[in-house]
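Colleague: Supplied in structure tokens, the structure appears directly below.
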Amino acid sequence: MHNLRNIILPLLFIFACSSEELGDSANSQADTLFSDDLQESFKFQPIRISPEDEIIASKAPKGMIFIKGGCFVLGNNFAQVDESPEHEVCIDDFYLDKFEVTQDRWEKVMGFNPSKFIGSNRPVEQVTFYDVQEFADNTGCRIPTEAEWEYAARGHADARYFWGNMMNEEYAWFEDNSNGQTHDVGQKKPNQFGVYDMMGNVWEWVADWYDAAYPRGKQLNPTGVAKGVFKVVRGGAFDSSAGGLRITNRTWLHPKNKVFPKVTTFGQIMNEIYNYVGFRCAQSITSISN
């Protein structure tokens with residue numbers, strides 16, 4: 001009897017493990033089908049400007065586009081810890097650069113070009129947050145908040161990317177199609193607001209100090225914590241994985257652009273030799289109206 005039990009117990013263990021593996025396989029297939037269904041059901045719809053907003057939109061500063069404010073769910077409870085908790089955020093109308101700030105535009109204001117990949121119409125990179133802040137001050141602009149950035153990047157889409165749940169090379173430069181370098185701005189398709197390169201090409205500084213968790217509850221025009229050590233950067237770059245380009249993905253960098261090691265759950269690493277971070281500017285509607 002003892003020998004029989006020794007034979008039966010391992011067989012039961014093998015059967016249990018096999019059943020578990022089959023269950024995992026079925027779940028994986030179901031997840032894939034579910035993702036495919038989401039992609040097929042997703043429809044890219046450009047955001048139309050209402051007649052009452054057309055005058056405001058027509059007053060957008062040169063190179064900027066009107067972003068109609070609204071409420072949305074910021075964050076992601078099912079990704080990296082620092083992307084949670086999901087919470088409702090409401091944003092006022094604002095203007096945002098249609099393109100990432102180019103090297104030509106940067107050099108005309110700042111008088112130098114720190115970029116590794118030189119090209120007048122390529123995005124400026126290798127810039128510190130303090131350099132970016134100086135540029136914004138000198139041009140009467142500001143750096144968008146993290147909430148403004150995600151709202152504009154999302155384009156009202158409820159998906160992993162603003163174009164759907166599967167990677168699409170028509171919308172972004174990333175590690176699979178960039179040939180290891182930045183590219184001229186505006187070469188890929190825009191999002192629903194008409195903004196280009198929100199995902200990929202170069203990371204983008206935002207105004208908020210980094211906090212490892214979002215606040216809970218509804219927020220109105222949030223600006224993040226009052227103090228911090230690192231600033232938030234968003235959007236991924238030409239050397240990012242597809243996972244690094246997700247709308248809600250966030251990472252951090254010292255405002256003096258100090259090199260640091262940082263690997264996310266999705267394997268995204270901030271380059272340890274060059275930090276390919278650029279930016280785009282924003283302006284508040286009230287400042288234009290006044």
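Residues are referred to by chain and number: the chain letter is A, B, ... according to the order shown in the structure tokens, the number counts from 1 in that chain, and ligands are numbered separately from 1 in the order shown.
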Could you give me, as a Markdown table, a per-residue list for segment 51-123 of chain A showing, wherever an atom lies at most 10 Å from an atom of segment 157-168 of chain A, the closest pair of atoms and their distance in Å to one decimal, using only C-alpha atoms and sorting by chain then residue number from low to high?
Modeller:
```
| residue | atom | partner | partner_atom | distance |
| --- | --- | --- | --- | --- |
| A:Phe72 | CA | A:Asp158 | CA | 9.5 |
| A:Val73 | CA | A:Asp158 | CA | 9.1 |
| A:Asn76 | CA | A:Arg160 | CA | 9.7 |
```
Colleague: Set the distance at 10 Å and use only C-alpha atoms: which residues neighbour segment 51-58 of chain A once local chain neighbours fewer than 3 positions away are removed? I'd like the list as JSON, numbers by chain.
Modeller: {"A": [48, 61, 64, 65, 66, 67, 68, 93, 94, 95, 285, 288, 289]}
Colleague: Which is closest to Phe78 of chain A among A:Val195, A:Ala172, A:Val132, A:Thr248, if we use only C-alpha atoms?
Modeller: A:Thr248
Colleague: Can you tell me which residues surround Leu220 of chain A at a distance of at most 9 Å, considering only C-alpha atoms, apart from same-chain residues fewer than 6 positions away, and format the answer as a list in words?
Modeller: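 Listed by chain and then number, they are Cys71, Glu88, Val89, Cys90, Ile91 and Asp92 of chain A.
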Colleague: Show which residues sit within 7 Å of Val124 of chain A, as an MDAnalysis selection string. Count only C-alpha atoms, and ignore same-chain residues fewer than 4 positions away.
Modeller: chainID A and resid 101:103 106 115 278
Colleague: State, in Å with one decimal place, the distance from atom CA of Phe129 of chain A to atom CA of Pro255 of chain A.
Modeller: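 Separation between atom CA of Phe129 of chain A and atom CA of Pro255 of chain A: 4.7 Å.
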Colleague: With a distance cut-off of 9 Å and only C-alpha atoms, select the neighbouring residues of Gly228 of chain A, excluding the residue or stretch itself and same-chain residues fewer than 5 positions from it, and output the selection as a list in words.
Modeller: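 Here the answer would be Asp208, Trp209, Tyr210 and Asp211 of chain A.
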Colleague: Keeping C-alpha atoms, export the residues of the selection given above as a PDB file, in the first residue's frame.
Modeller:
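As written to disk, selection_37.pdb reads:
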```pdb
ATOM      1  CA  ASP A 208       5.725  67.828 -12.231  1.00  0.00           C
ATOM      2  CA  TRP A 209       8.099  66.547  -9.590  1.00  0.00           C
ATOM      3  CA  TYR A 210       8.082  62.755  -9.542  1.00  0.00           C
ATOM      4  CA  ASP A 211       6.058  60.957  -6.877  1.00  0.00           C
TER       5      ASP A 211
END
```
Colleague: One decimal, in Å: what's the spacing between atom CA of Asn138 of chain A and atom CA of Met110 of chain A?
Modeller: 8.8 Å
Colleague: Report the distance between atom CA of Asn77 of chain A and atom CA of Ala237 of chain A in Å, rounded to one decimal place.
Modeller: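 Value for the atom CA of Asn77 of chain A-atom CA of Ala237 of chain A distance: 23.2 Å.
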Colleague: Pick the closest to Glu107 of chain A from A:Phe238, A:Tyr130, A:Phe135, A:Phe174: which is it, counting only C-alpha atoms?
Modeller: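 Among A:Phe238, A:Tyr130, A:Phe135, A:Phe174, it is A:Phe135 that comes nearest to Glu107 of chain A.
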Colleague: Could you check the closest approach to Glu134 of chain A for each of A:Ala79, A:Ala242, A:Pro190, A:Val109 and tell me which residue wins, using only C-alpha atoms?
Modeller: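 Of all the options, A:Val109 lies closest to Glu134 of chain A.
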Colleague: Extract the full set of strand (DSSP E or B) residues from segment 70-274 of chain A according to DSSP on the backbone, and format it as a count of residues only.
Modeller: 41
Colleague: Report as a ChimeraX atom specification all protein, DNA and RNA residues lying within 12 Å of Asn179 of chain A, evaluated on only C-alpha atoms, omitting residues in the same chain fewer than 6 positions from it.
Modeller: /A:173,201,238-240
Colleague: Those same residues, written as a PDB file, in the first residue's frame with N, CA and C atoms?
Modeller:
```pdb
ATOM      1  N   TRP A 173       8.176  56.577 -33.708  1.00  0.00           N
ATOM      2  CA  TRP A 173       9.536  56.068 -33.858  1.00  0.00           C
ATOM      3  C   TRP A 173       9.918  55.370 -32.563  1.00  0.00           C
ATOM      4  N   ASN A 201      10.400  58.941 -30.544  1.00  0.00           N
ATOM      5  CA  ASN A 201      11.359  59.947 -31.014  1.00  0.00           C
ATOM      6  C   ASN A 201      12.239  60.416 -29.865  1.00  0.00           C
ATOM      7  N   PHE A 238      13.144  56.991 -29.356  1.00  0.00           N
ATOM      8  CA  PHE A 238      13.458  56.153 -30.517  1.00  0.00           C
ATOM      9  C   PHE A 238      14.076  54.826 -30.111  1.00  0.00           C
ATOM     10  N   ASP A 239      14.688  54.771 -28.921  1.00  0.00           N
ATOM     11  CA  ASP A 239      15.325  53.536 -28.472  1.00  0.00           C
ATOM     12  C   ASP A 239      14.482  52.792 -27.445  1.00  0.00           C
ATOM     13  N   SER A 240      13.218  53.185 -27.305  1.00  0.00           N
ATOM     14  CA  SER A 240      12.323  52.537 -26.352  1.00  0.00           C
ATOM     15  C   SER A 240      11.657  51.309 -26.960  1.00  0.00           C
TER      16      SER A 240
END
```
